[in-house]
Amino acid sequence: MKIGITCYPTVGGSGVIATELGKMLAEKGNEIHFITSSLPFRLDKVYPNIFYHEVEMGHYPVFQYPPYDLALATKMADVIDQEKLDVLHVHYAVPHAICAILAKEMAEHDVKIVTTLHGTDITVLGVDNTFKKMIKYGIEQSDAVTAVSNNLVEQTKDMLKTTKDISVIYNFINEQEYYRKDNKMLKREFGISADEKVVIHISNFRKVKRVDLIVKTFNRIRSKVNSKLLLVGDGPEYSDIVQLVHKLGLNDDVLFLGKQNNISDLLSISDLMLLLSEKESFGLVLLEAMACKVPCIGTNVGGIPEVIKHEETGFIVKSGNIEQASNYAIKLFEDDKKLEQFSKNAYNHAKTTFKSEQIVNQYTKLYFDVIKK
Ligand code: GMT
């Protein structure tokens, strides 16, 4: 098949999924055309059957805002016609599905549009009436729609009052990259002693990620267990979090690592992941953690309970409840056998339920189904 892919190419779970999907589809012999504003950051090596079409923006002084969406739609239409795409798979309803639908109208070659919902387009933009109609239009006009969790399907249907069939295709990780390595040296280099437990949080430090609760939970854990917290990522809340860490006197025990590329190296020295978001359609970092044998504690919001198996691969806590989160963590850290069992369970769950091969096959089947329609 000839498949076009559009996503946000910068750091973020949706960009990672779109790029890894493109790479795996290419490995299976498909021809992949990325149509994006810049080279997807995970497209790190040359593939003979992956092509990159950059959406170029001219600078027109008459426009107050550069018309990126229109430039994208035009580029999509050009690529559909030049490359005779069978499918254009877009990640995010707004603006990508809208642009794809416009491109399909403009193009002469017939193409099918597949839209994947990742969460923010529904849970953030969907509640804003400015975009509601447009998101609904993007979803209903797509030839097929997928979402990354059952919860996201329910939320989408509920919010947009649509009866469109939305299939759940879970996220996956690249198993060649996410596995536990022996990284004792790295732990030592960070100044963490062998007997200290390592708690990790990875996010883009947006408000919804509630990194403040991560720090407060860790503060309670640390009062009982010799431990360190790794904070990985950067974003709008970063400086408030630095202040909070300072205020709680945690400077020596919280390591701010900023944005990092080699996440699996950091997960390989970690014992527990915390993700206490207020909104989260899936939580790709949980899957990355589990693949590296790291159990997780997450909130009972969005798709998180579909990723963490409560009392097996980690724990689900009430949103905002740091007492519950820290109690679970302390109990787990005080029972080495249980920690080891959870770590094994997490790994097995990641490699079975979310096996990349199985997920990519689900997408491939969907493409064949829409082409046949
Ligand atoms: O969470 C973010 O801020 C980034 C966003 C993205 O576009 O990558 O994440 C969304 O998509 C991910 C990949 O499907 C999911 O794992 C995240 O849960 C989802 N974020 C939210 O729903 C808030």
# chains A, B, ... in the order shown; residues from 1 in each chain; ligands from 1
$ residues_around --residues "Ala103 (chain A)" --least-positions-apart "4" --cutoff "6 Å" --atoms "only C-alpha atoms" --output "PyMOL selection string"
chain A and resi 73+76-77+107
$ residues_around --residues "region 198-200 of chain A" --least-positions-apart "2" --cutoff "8 Å" --atoms "only C-alpha atoms" --output "list in words"
Glu196, Ile202, Phe218, Ser227, Lys228, Leu229, Leu230, Leu231, Val232, Leu267, Ile269, Ser270, Asp271, Leu272, Met273 and Leu274 of chain A
$ closest_atom_pairs --of "chain A" --to "ligand 1" --cutoff "7 Å" --atoms "only C-alpha atoms and all ligand atoms" --output "Markdown table"
| residue | atom | partner | partner_atom_place_in_ligand_line | distance |
| --- | --- | --- | --- | --- |
| A:Gly12 | CA | ligand 1 | 8 (O) | 3.8 |
| A:Gly13 | CA | ligand 1 | 8 (O) | 3.3 |
| A:Ser14 | CA | ligand 1 | 8 (O) | 3.8 |
| A:Gly15 | CA | ligand 1 | 8 (O) | 6.1 |
| A:Ile17 | CA | ligand 1 | 13 (C) | 6.6 |
| A:His118 | CA | ligand 1 | 11 (O) | 4.2 |
| A:Gly119 | CA | ligand 1 | 22 (O) | 3.9 |
| A:Thr120 | CA | ligand 1 | 22 (O) | 5.0 |
| A:Thr123 | CA | ligand 1 | 22 (O) | 6.9 |
| A:Val148 | CA | ligand 1 | 14 (O) | 5.8 |
| A:Asn171 | CA | ligand 1 | 14 (O) | 6.3 |
| A:Asn204 | CA | ligand 1 | 3 (O) | 6.2 |
| A:Arg206 | CA | ligand 1 | 3 (O) | 6.7 |
| A:Val208 | CA | ligand 1 | 23 (C) | 6.9 |
| A:Lys279 | CA | ligand 1 | 23 (C) | 5.1 |
| A:Glu280 | CA | ligand 1 | 22 (O) | 3.6 |
| A:Ser281 | CA | ligand 1 | 22 (O) | 3.8 |
| A:Phe282 | CA | ligand 1 | 18 (O) | 3.8 |
| A:Gly283 | CA | ligand 1 | 16 (O) | 3.7 |
| A:Leu284 | CA | ligand 1 | 16 (O) | 4.0 |
$ select_by_dssp --residues "region 190-329 of chain A" --states "alpha helix (DSSP H)" --output "count of residues only"
47
$ residues_around --residues "Thr364 (chain A)" --least-positions-apart "2" --cutoff "12 Å" --atoms "only C-alpha atoms" --output "ChimeraX atom specification"
/A:1-3,21-22,24-26,28-30,86-87,89,114,169,357-362,366-371
$ residues_around --residues "Ile166 (chain A)" --least-positions-apart "2" --cutoff "7 Å" --atoms "only C-alpha atoms" --output "PDB file with N, CA and C atoms, in the first residue's frame"
ATOM      1  N   VAL A 145     -12.244   5.948  11.676  1.00  0.00           N
ATOM      2  CA  VAL A 145     -11.699   6.698  12.824  1.00  0.00           C
ATOM      3  C   VAL A 145     -11.268   5.701  13.889  1.00  0.00           C
ATOM      4  N   THR A 146     -10.104   5.940  14.476  1.00  0.00           N
ATOM      5  CA  THR A 146      -9.661   5.110  15.597  1.00  0.00           C
ATOM      6  C   THR A 146      -9.368   6.032  16.787  1.00  0.00           C
ATOM      7  N   ALA A 147      -9.381   5.430  17.976  1.00  0.00           N
ATOM      8  CA  ALA A 147      -8.993   6.174  19.180  1.00  0.00           C
ATOM      9  C   ALA A 147      -8.088   5.271  19.988  1.00  0.00           C
ATOM     10  N   VAL A 153     -13.039   6.813  23.208  1.00  0.00           N
ATOM     11  CA  VAL A 153     -14.200   6.613  22.327  1.00  0.00           C
ATOM     12  C   VAL A 153     -15.457   7.119  23.040  1.00  0.00           C
ATOM     13  N   LYS A 164     -20.752   7.950  14.851  1.00  0.00           N
ATOM     14  CA  LYS A 164     -19.692   7.408  13.982  1.00  0.00           C
ATOM     15  C   LYS A 164     -19.014   6.220  14.665  1.00  0.00           C
ATOM     16  N   VAL A 168     -11.139   1.064  18.622  1.00  0.00           N
ATOM     17  CA  VAL A 168     -10.020   1.269  19.548  1.00  0.00           C
ATOM     18  C   VAL A 168      -8.808   0.519  19.029  1.00  0.00           C
TER      19      VAL A 168
END
$ select_by_dssp --residues "region 136-266 of chain A" --states "strand (DSSP E or B)" --output "list in words"
Ala144, Val145, Thr146, Ala147, Ile166, Ser167, Val168, Lys197, Val198, Val199, Ile200, His201, Ile202, Ser227, Lys228, Leu229, Leu230, Leu231, Val232, Val254, Leu255, Phe256, Leu257 and Gly258 of chain A
$ write_last_selection --atoms "C-alpha atoms" --output "PDB file, in the first residue's frame"
ATOM      1  CA  ALA A 144     -12.436   5.388   9.344  1.00  0.00           C
ATOM      2  CA  VAL A 145     -11.699   6.698  12.824  1.00  0.00           C
ATOM      3  CA  THR A 146      -9.661   5.110  15.597  1.00  0.00           C
ATOM      4  CA  ALA A 147      -8.993   6.174  19.180  1.00  0.00           C
ATOM      5  CA  ILE A 166     -14.751   4.575  16.253  1.00  0.00           C
ATOM      6  CA  SER A 167     -12.483   1.561  16.708  1.00  0.00           C
ATOM      7  CA  VAL A 168     -10.020   1.269  19.548  1.00  0.00           C
ATOM      8  CA  LYS A 197      14.757   3.318  45.115  1.00  0.00           C
ATOM      9  CA  VAL A 198      14.221   5.427  42.009  1.00  0.00           C
ATOM     10  CA  VAL A 199      10.843   6.987  41.203  1.00  0.00           C
ATOM     11  CA  ILE A 200      10.435   8.481  37.726  1.00  0.00           C
ATOM     12  CA  HIS A 201       7.975  10.871  36.088  1.00  0.00           C
ATOM     13  CA  ILE A 202       8.120  11.803  32.413  1.00  0.00           C
ATOM     14  CA  SER A 227      14.696   7.196  47.382  1.00  0.00           C
ATOM     15  CA  LYS A 228      15.266   9.683  44.566  1.00  0.00           C
ATOM     16  CA  LEU A 229      12.845  11.230  42.051  1.00  0.00           C
ATOM     17  CA  LEU A 230      13.808  11.688  38.407  1.00  0.00           C
ATOM     18  CA  LEU A 231      11.776  14.399  36.667  1.00  0.00           C
ATOM     19  CA  VAL A 232      12.159  14.086  32.916  1.00  0.00           C
ATOM     20  CA  VAL A 254      14.851  15.386  43.067  1.00  0.00           C
ATOM     21  CA  LEU A 255      16.839  15.339  39.829  1.00  0.00           C
ATOM     22  CA  PHE A 256      15.590  17.597  37.033  1.00  0.00           C
ATOM     23  CA  LEU A 257      16.790  15.994  33.812  1.00  0.00           C
ATOM     24  CA  GLY A 258      14.939  18.141  31.230  1.00  0.00           C
TER      25      GLY A 258
END
$ residues_around --residues "region 337-339 of chain A" --least-positions-apart "2" --cutoff "12 Å" --atoms "only C-alpha atoms" --output "ChimeraX atom specification"
/A:197,270-272,293-296,311-315,328-335,341-346
$ residues_around --residues "Thr162 (chain A)" --least-positions-apart "4" --cutoff "12 Å" --atoms "only C-alpha atoms" --output "list in words"
Lys132, Lys133, Ile135, Lys136, Tyr137, Gly138, Ile139, Glu140, Gln141, Val145, Val153, Glu154, Gln155, Thr156, Lys157, Asp158 and Ile166 of chain A
$ atom_distance --atom1 "CA of Lys318 (chain A)" --atom2 "CA of Thr299 (chain A)"
5.6 Å
$ closest_residue --among "A:Glu306, A:Asp265, A:Glu108, A:Asp253" --to "Lys184 (chain A)" --atoms "only C-alpha atoms"
A:Asp265
$ closest_residue --among "A:Asp44, A:Glu83, A:Asp69, A:Asp165" --to "Thr115 (chain A)" --atoms "only C-alpha atoms"
A:Asp165
